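The structure file target35.cif is reproduced below (mmCIF, C-alpha atoms).
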```
data_target
loop_
_atom_site.label_atom_id
_atom_site.label_comp_id
_atom_site.auth_asym_id
_atom_site.auth_seq_id
_atom_site.Cartn_x
_atom_site.Cartn_y
_atom_site.Cartn_z
CA MET A 1 16.36 41.93 22.16
CA ILE A 2 20.09 42.25 21.73
CA SER A 3 21.76 45.66 21.56
CA GLN A 4 22.00 47.59 18.32
CA GLN A 5 25.76 47.17 18.41
CA ALA A 6 25.46 43.39 18.72
CA LEU A 7 22.88 43.30 15.94
CA GLU A 8 25.16 45.27 13.63
CA GLN A 9 27.96 42.81 14.37
CA GLU A 10 25.66 39.91 13.47
CA ILE A 11 24.87 41.56 10.14
CA ARG A 12 28.55 42.22 9.49
CA GLN A 13 29.30 38.54 10.08
CA ILE A 14 26.52 37.53 7.68
CA ILE A 15 28.06 39.71 4.97
CA GLU A 16 31.57 38.44 5.62
CA ASN A 17 30.45 34.82 5.56
CA GLY A 18 28.21 35.32 2.55
CA ILE A 19 31.03 36.77 0.48
CA ARG A 20 33.47 34.10 1.71
CA GLU A 21 31.03 31.36 0.78
CA ASP A 22 30.23 32.74 -2.68
CA VAL A 23 33.51 34.27 -3.85
CA GLY A 24 36.24 32.04 -2.45
CA ASP A 25 39.53 32.89 -4.18
CA GLY A 26 37.84 35.06 -6.77
CA ASP A 27 34.94 35.64 -9.16
CA HIS A 28 36.73 34.00 -12.07
CA SER A 29 33.83 34.57 -14.47
CA SER A 30 34.20 38.34 -14.13
CA LEU A 31 37.99 38.26 -13.84
CA ALA A 32 38.18 36.31 -17.10
CA CYS A 33 36.23 38.68 -19.34
CA ILE A 34 35.73 42.08 -17.70
CA PRO A 35 38.74 44.46 -17.60
CA GLU A 36 39.61 45.73 -14.12
CA ASP A 37 38.84 49.37 -14.90
CA THR A 38 35.39 48.70 -16.44
CA THR A 39 32.56 50.60 -14.78
CA GLY A 40 28.83 50.10 -15.11
CA LYS A 41 25.40 50.54 -13.60
CA ALA A 42 22.72 48.04 -12.58
CA ARG A 43 19.14 48.27 -11.33
CA LEU A 44 17.22 46.16 -8.82
CA LEU A 45 14.12 45.08 -10.75
CA VAL A 46 10.92 43.85 -9.10
CA LYS A 47 9.28 40.88 -10.83
CA GLU A 48 6.59 40.12 -8.25
CA GLU A 49 4.32 42.23 -6.06
CA CYS A 50 5.59 42.37 -2.47
CA VAL A 51 6.75 44.51 0.41
CA ILE A 52 10.37 45.28 -0.38
CA ALA A 53 12.98 44.58 2.29
CA GLY A 54 16.75 44.50 2.36
CA VAL A 55 17.57 47.78 0.62
CA GLU A 56 19.71 48.95 3.52
CA PHE A 57 21.32 45.53 3.76
CA ALA A 58 22.20 45.77 0.07
CA ARG A 59 23.84 49.12 0.74
CA GLN A 60 26.01 47.49 3.41
CA VAL A 61 26.96 44.61 1.12
CA PHE A 62 27.98 46.92 -1.73
CA HIS A 63 30.03 49.05 0.65
CA TYR A 64 31.74 45.99 2.12
CA VAL A 65 32.63 44.67 -1.34
CA ASP A 66 33.74 48.04 -2.70
CA PRO A 67 33.37 51.39 -0.87
CA GLY A 68 33.52 53.05 -4.30
CA LEU A 69 30.13 51.63 -5.33
CA LYS A 70 27.31 54.19 -5.21
CA MET A 71 23.62 53.46 -4.61
CA GLU A 72 20.68 55.58 -5.70
CA VAL A 73 17.63 54.41 -3.76
CA VAL A 74 14.25 54.89 -5.43
CA ILE A 75 12.05 52.75 -3.14
CA ARG A 76 12.84 52.26 0.52
CA ASP A 77 12.44 49.28 2.84
CA GLY A 78 8.83 48.60 3.85
CA GLU A 79 7.18 50.05 0.74
CA LYS A 80 4.84 48.00 -1.44
CA VAL A 81 6.16 47.33 -4.94
CA ARG A 82 4.72 45.97 -8.16
CA TYR A 83 6.07 44.12 -11.16
CA GLY A 84 8.42 46.36 -13.09
CA ASP A 85 9.31 48.72 -10.27
CA GLU A 86 12.97 49.71 -9.95
CA VAL A 87 14.07 49.77 -6.32
CA PHE A 88 17.60 51.14 -6.62
CA TYR A 89 20.52 51.70 -8.95
CA VAL A 90 24.12 50.80 -8.13
CA SER A 91 27.06 52.13 -10.10
CA GLY A 92 30.83 51.73 -10.09
CA SER A 93 33.20 48.86 -10.81
CA SER A 94 31.41 46.25 -12.93
CA ARG A 95 33.42 43.49 -11.29
CA SER A 96 32.38 44.67 -7.82
CA ILE A 97 28.69 44.87 -8.75
CA LEU A 98 28.76 41.29 -10.02
CA LEU A 99 30.68 40.05 -7.00
CA ALA A 100 28.03 41.43 -4.63
CA GLU A 101 25.02 40.53 -6.79
CA ARG A 102 24.11 37.08 -5.48
CA LEU A 103 24.35 37.89 -1.77
CA VAL A 104 22.23 40.99 -2.31
CA LEU A 105 19.58 39.10 -4.26
CA ASN A 106 19.45 36.03 -2.00
CA ALA A 107 18.99 38.24 1.05
CA MET A 108 16.49 40.66 -0.47
CA GLN A 109 14.34 37.93 -2.01
CA ARG A 110 13.95 36.21 1.36
CA MET A 111 13.65 39.38 3.40
CA SER A 112 10.95 40.68 1.06
CA ALA A 113 9.00 37.43 1.42
CA ILE A 114 9.12 37.69 5.20
CA ALA A 115 8.21 41.37 5.22
CA THR A 116 5.28 40.68 2.87
CA LYS A 117 3.88 37.88 5.03
CA THR A 118 4.37 39.93 8.19
CA ALA A 119 2.58 42.92 6.66
CA ALA A 120 -0.36 40.67 5.74
CA TYR A 121 -0.59 39.44 9.35
CA VAL A 122 -0.36 42.98 10.68
CA ALA A 123 -3.23 44.00 8.41
CA LEU A 124 -5.36 41.13 9.72
CA LEU A 125 -4.77 42.33 13.28
CA GLU A 126 -5.64 45.96 12.57
CA GLY A 127 -7.87 47.45 15.26
CA THR A 128 -7.41 44.63 17.79
CA GLY A 129 -4.44 45.97 19.76
CA THR A 130 -2.65 42.62 19.36
CA LYS A 131 0.88 42.59 17.98
CA ILE A 132 2.50 39.88 15.87
CA LEU A 133 5.78 38.35 17.04
CA ASP A 134 8.38 36.26 15.25
CA THR A 135 10.15 33.26 16.81
CA ARG A 136 13.55 31.53 16.78
CA LYS A 137 12.38 29.36 13.87
CA THR A 138 14.76 31.08 11.49
CA THR A 139 17.26 30.00 8.86
CA PRO A 140 20.56 29.13 10.59
CA GLY A 141 23.16 31.81 10.04
CA ILE A 142 20.88 34.63 8.85
CA ARG A 143 18.56 35.17 11.83
CA ALA A 144 19.47 38.87 12.02
CA LEU A 145 18.23 39.44 8.46
CA GLU A 146 15.00 37.53 8.97
CA LYS A 147 14.15 39.35 12.19
CA TRP A 148 15.06 42.64 10.51
CA ALA A 149 12.57 41.76 7.75
CA VAL A 150 9.83 41.12 10.32
CA LYS A 151 10.36 44.63 11.68
CA ILE A 152 10.27 46.08 8.16
CA GLY A 153 6.92 44.33 7.63
CA GLY A 154 5.47 45.95 10.75
CA GLY A 155 5.86 43.04 13.18
CA GLU A 156 7.69 42.81 16.49
CA ASN A 157 10.73 40.76 17.39
CA HIS A 158 10.46 38.15 20.13
CA ARG A 159 13.69 37.29 21.94
CA TYR A 160 16.64 37.21 19.56
CA ALA A 161 18.19 34.01 20.89
CA LEU A 162 18.55 31.86 23.99
CA TYR A 163 20.59 34.44 25.85
CA ASP A 164 18.45 37.59 25.89
CA MET A 165 15.26 36.33 27.57
CA ILE A 166 14.12 33.46 29.80
CA MET A 167 11.47 31.28 28.19
CA LEU A 168 10.27 28.33 30.27
CA LYS A 169 8.53 25.96 27.87
CA ASP A 170 7.00 22.54 28.48
CA ASN A 171 10.30 20.64 28.41
CA HIS A 172 11.99 23.09 30.82
CA ILE A 173 9.02 22.75 33.18
CA ASP A 174 8.96 18.97 33.01
CA PHE A 175 12.73 18.60 33.45
CA ALA A 176 12.71 21.08 36.35
CA GLY A 177 9.96 19.24 38.21
CA GLY A 178 6.99 21.52 37.58
CA ILE A 179 6.03 25.10 36.94
CA THR A 180 6.59 26.56 40.39
CA ARG A 181 9.97 24.87 40.77
CA ALA A 182 11.05 26.05 37.33
CA ILE A 183 10.09 29.66 38.10
CA ASP A 184 11.68 29.64 41.56
CA LYS A 185 14.92 28.13 40.22
CA THR A 186 14.96 30.68 37.41
CA LYS A 187 14.57 33.66 39.72
CA ARG A 188 17.34 32.32 41.97
CA TYR A 189 19.58 31.78 38.94
CA LEU A 190 19.02 35.34 37.74
CA ARG A 191 19.84 36.72 41.21
CA ASP A 192 22.94 34.57 41.58
CA HIS A 193 24.27 35.60 38.17
CA ASN A 194 23.19 39.25 38.41
CA LEU A 195 21.12 38.97 35.22
CA ASP A 196 18.19 41.19 34.30
CA LEU A 197 16.18 39.01 31.91
CA LYS A 198 12.42 38.91 31.42
CA ILE A 199 10.67 35.61 32.16
CA ILE A 200 8.07 34.05 29.87
CA VAL A 201 6.33 30.86 31.01
CA GLU A 202 4.36 28.52 28.78
CA ALA A 203 0.98 27.19 29.91
CA ARG A 204 -0.60 24.10 28.40
CA ASP A 205 -4.00 24.47 30.05
CA LEU A 206 -5.96 26.69 32.43
CA ASN A 207 -4.70 24.83 35.50
CA GLU A 208 -1.15 25.74 34.53
CA VAL A 209 -2.19 29.37 34.02
CA GLU A 210 -3.55 29.37 37.56
CA GLU A 211 -0.30 27.93 38.92
CA ILE A 212 1.84 30.47 37.05
CA LEU A 213 -0.23 33.30 38.49
CA ARG A 214 0.73 32.20 42.00
CA SER A 215 4.35 33.18 41.24
CA GLU A 216 5.64 36.75 41.06
CA GLY A 217 8.02 38.10 38.46
CA VAL A 218 6.58 36.52 35.30
CA TYR A 219 6.64 38.98 32.39
CA ARG A 220 4.40 37.09 29.98
CA ILE A 221 2.36 33.89 29.89
CA LEU A 222 2.45 31.91 26.66
CA LEU A 223 -0.88 30.22 25.93
CA ASP A 224 0.20 27.35 23.72
CA ASN A 225 -2.38 25.56 21.55
CA PHE A 226 -5.34 26.90 23.54
CA SER A 227 -8.83 26.92 22.06
CA PHE A 228 -10.55 30.25 21.52
CA GLU A 229 -12.76 29.65 24.56
CA ASP A 230 -9.86 28.77 26.86
CA THR A 231 -7.85 31.71 25.53
CA ARG A 232 -10.64 34.09 26.52
CA LYS A 233 -10.84 32.46 29.96
CA ALA A 234 -7.06 32.66 30.40
CA VAL A 235 -6.97 36.34 29.44
CA SER A 236 -9.70 37.03 31.99
CA MET A 237 -7.83 35.07 34.68
CA ILE A 238 -4.53 36.84 33.99
CA GLY A 239 -5.98 40.34 33.84
CA SER A 240 -3.25 42.90 34.50
CA HIS A 241 -0.98 40.43 36.31
CA CYS A 242 1.25 40.11 33.22
CA LEU A 243 1.19 40.14 29.43
CA THR A 244 -0.33 37.35 27.32
CA GLU A 245 0.79 35.60 24.15
CA SER A 246 -0.93 33.01 21.98
CA SER A 247 0.95 30.50 19.84
CA GLY A 248 0.65 27.10 18.22
CA GLY A 249 -0.29 26.66 14.59
CA ILE A 250 -2.06 30.01 14.29
CA ASN A 251 -2.58 30.97 10.65
CA GLU A 252 -4.35 33.53 8.48
CA SER A 253 -7.77 32.04 9.15
CA THR A 254 -7.46 31.95 12.95
CA LEU A 255 -5.15 34.91 13.63
CA ARG A 256 -7.81 37.57 14.15
CA LYS A 257 -10.03 35.23 16.19
CA TYR A 258 -7.21 34.73 18.68
CA ALA A 259 -6.55 38.47 18.76
CA GLU A 260 -10.21 39.09 19.53
CA CYS A 261 -9.77 36.91 22.63
CA GLY A 262 -7.76 39.81 24.05
CA VAL A 263 -4.17 38.56 23.98
CA ASP A 264 -1.38 41.12 23.81
CA TYR A 265 0.75 39.14 21.35
CA ILE A 266 0.53 36.32 18.85
CA SER A 267 3.75 34.57 17.90
CA SER A 268 4.13 32.83 14.55
CA GLY A 269 7.02 30.76 13.28
CA ALA A 270 5.39 30.86 9.84
CA LEU A 271 6.63 34.44 9.36
CA THR A 272 10.12 33.06 8.82
CA HIS A 273 9.92 29.31 8.22
CA SER A 274 7.09 29.14 5.68
CA VAL A 275 7.71 31.77 3.03
CA SER A 276 8.66 31.56 -0.64
CA ASN A 277 11.29 33.99 -1.88
CA LYS A 278 10.06 36.94 -3.92
CA ASP A 279 11.26 37.34 -7.49
CA LEU A 280 13.82 40.13 -7.83
CA SER A 281 16.73 40.57 -10.23
CA LEU A 282 19.75 42.82 -10.69
CA LYS A 283 20.11 43.88 -14.31
CA ALA A 284 22.79 45.90 -16.06
CA VAL A 285 21.56 49.25 -17.34
#
```
Please re-express this file's structure in C-alpha cells.
Amino acid sequence: MISQQALEQEIRQIIENGIREDVGDGDHSSLACIPEDTTGKARLLVKEECVIAGVEFARQVFHYVDPGLKMEVVIRDGEKVRYGDEVFYVSGSSRSILLAERLVLNAMQRMSAIATKTAAYVALLEGTGTKILDTRKTTPGIRALEKWAVKIGGGENHRYALYDMIMLKDNHIDFAGGITRAIDKTKRYLRDHNLDLKIIVEARDLNEVEEILRSEGVYRILLDNFSFEDTRKAVSMIGSHCLTESSGGINESTLRKYAECGVDYISSGALTHSVSNKDLSLKAV
C-alpha cells in the first residue's frame, strides 16, 4: 500500500475537489437567507442499520471548510448503529455547516455501505484464517475513501493502485509471451529500476500454478475462477512456497467454502462496486 503521507494527500485532494465541485463560486442558498454571523448545531442521524464509517473524514471536511467548526463524536468509525442513533454533533457557523453537509453525507453514506458489507464478509470468514481483500474496482476519484471504509469494516487493502505492487494477470501474461517470460521480465525490470515491489501472478488452471512455482520471487498466486476442488489442489501444491488468493465472482454463498480450501486471502470487487448507500442525514438541532 501507499505511504500514510500519500494517503493523506489523496484524501485532501478528495475534499478539495468535492468542495470545488459542489460549491463553485458560493452556496447562494445559504448566502441569500442566513446572516453571516448566524451560528447553529446539527446532528448526524442514522436512518438505517449499518456499520458507520466516515466520521473521521467528516471531521476533516468540517475543518477544511471552517476550522472554527467543532465536532462532538458520539459513535466512532467501525461501530454498529441502528435507526435513530446520533453519530456526532457539529456546531459553529450555520453557513459553514451547510456548505460541508453534502460532501460529508455523500462520503459517509457510501463508506458506511462498504464498511457494512465488508464486516458481513469478515463475519462469514471467522475462524478460517482467511482474510478479505478489496480490489481496484472503486469509484473513480474517491478510491482512498472506499479503501479506508474496507479497513473500517475489518477487511484488508489489496494494492492501492498500479504503482505500488506488481500484478501479472492473464492479459499481461499473454502479451508478454507466457508466465515464465512475464515473471523473468518483471524481475529484470524491478532490478533495472531499483524498485522493491511485491509480485502477484494470476493462474487460470493447475498447470499454470505449476509453472509459476518454477519461478522464484513470487509473493502471491492468484487463483482466478478456480473450482473448490482445484483450489484445494492448488493450495496443496503451493504449500509454503508463497501466499494464495482466490478471486472471481465469489459471493456470500461461496465465500466460506473457498476459505475452507485453505487460501490466505479472498479478493472481492463487490465490497466497493456493488453496494447501496446507507441512509444518513444531517439535521439542525
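Of the listed residues (A:Ser29, A:His172, A:Ala144, A:Glu79), A:Ala144 comes nearest to Gln4 (chain A); the distances count only C-alpha atoms.
Among the candidate residues A:Cys50, A:Asp205, A:Val104, A:Met111, the one lying nearest to Thr139 (chain A) is A:Met111, with distances computed using all atoms listed in the file.
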Item to check | Reference answer for the PyMOL selection byres ((chain A and resi 155) around 8), as a VMD selection string | outcome: chain A and resid 118 to 119 122 131 to 134 150 to 154 156 to 157
Checklist entry - Of the residues A:Val51, A:Ile114, A:Met237, A:Ala149, which is the one nearest to Thr272 (chain A), using only C-alpha atoms? => result A:Ile114
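Once the PyMOL selection byres ((chain A and resi 27) around 12) is applied to the depicted file, the selected set reads Ile19, Arg20, Glu21, Asp22, Val23, Gly24, Asp25, Gly26, His28, Ser29, Ser30, Leu31, Ala32, Cys33, Ile34, Ser94, Arg95, Ser96, Ile97, Leu98, Leu99, Ala100, Glu101 and Arg102 of chain A.
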Checklist outcome for this item: The distance between CA of Asn194 (chain A) and CA of Met165 (chain A) is 13.7 Å
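Closest approach to Glu260 (chain A) among A:Thr128, A:Thr38, A:Asn277, A:Ser91: A:Thr128, based on all atoms listed in the file.
Interatomic distance, CA of Lys117 (chain A) against CA of Ala161 (chain A): 21.7 Å.
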Next on the checklist: Could you list, as JSON, numbers by chain, every residue matched by the PyMOL selection byres ((chain A and resi 218) around 9) in this structure?
Outcome noted: {"A": [183, 198, 199, 200, 201, 212, 213, 215, 216, 217, 219, 220, 221, 241, 242, 243]}
Could you save those same residues with C-alpha atoms as a compact mmCIF listing (two decimals), keeping the file's coordinate frame?
```
# COMPACT_ATOMS: atom_id res chain seq x y z
CA ILE A 183 10.09 29.66 38.10
CA LYS A 198 12.42 38.91 31.42
CA ILE A 199 10.67 35.61 32.16
CA ILE A 200 8.07 34.05 29.87
CA VAL A 201 6.33 30.86 31.01
CA ILE A 212 1.84 30.47 37.05
CA LEU A 213 -0.23 33.30 38.49
CA SER A 215 4.35 33.18 41.24
CA GLU A 216 5.64 36.75 41.06
CA GLY A 217 8.02 38.10 38.46
CA TYR A 219 6.64 38.98 32.39
CA ARG A 220 4.40 37.09 29.98
CA ILE A 221 2.36 33.89 29.89
CA HIS A 241 -0.98 40.43 36.31
CA CYS A 242 1.25 40.11 33.22
CA LEU A 243 1.19 40.14 29.43
```
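Going from CA of Val61 (chain A) over to CA of Leu280 (chain A), you cover 16.5 Å.
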Item to check | Contacts of Ala284 (chain A) at 7 Å (only C-alpha atoms; same-chain gap of 5+ positions) as an NGL selection string | outcome: :A and (41-43)
Checklist entry - With distances taken over only C-alpha atoms, which of A:Leu44, A:Ile173, A:Thr231, A:Thr186 is nearest to Gly84 (chain A)? => result A:Leu44
Enclose the full set of atoms of region 47-60 of chain A listed in the file within a box whose edges lie along x, y and z, apply 3 Å of padding to each of the six sides, and report centre and edge lengths in Å to one decimal as lines of an AutoDock Vina configuration file.
```
center_x = 15.2
center_y = 44.6
center_z = -3.5
size_x = 27.7
size_y = 15.0
size_z = 20.6
```
Checklist outcome for this item: The residue from A:Gly54, A:Gly68, A:Pro140, A:Gly249 with the smallest atom-to-atom distance to Lys278 (chain A), counting all atoms listed in the file, is A:Gly54
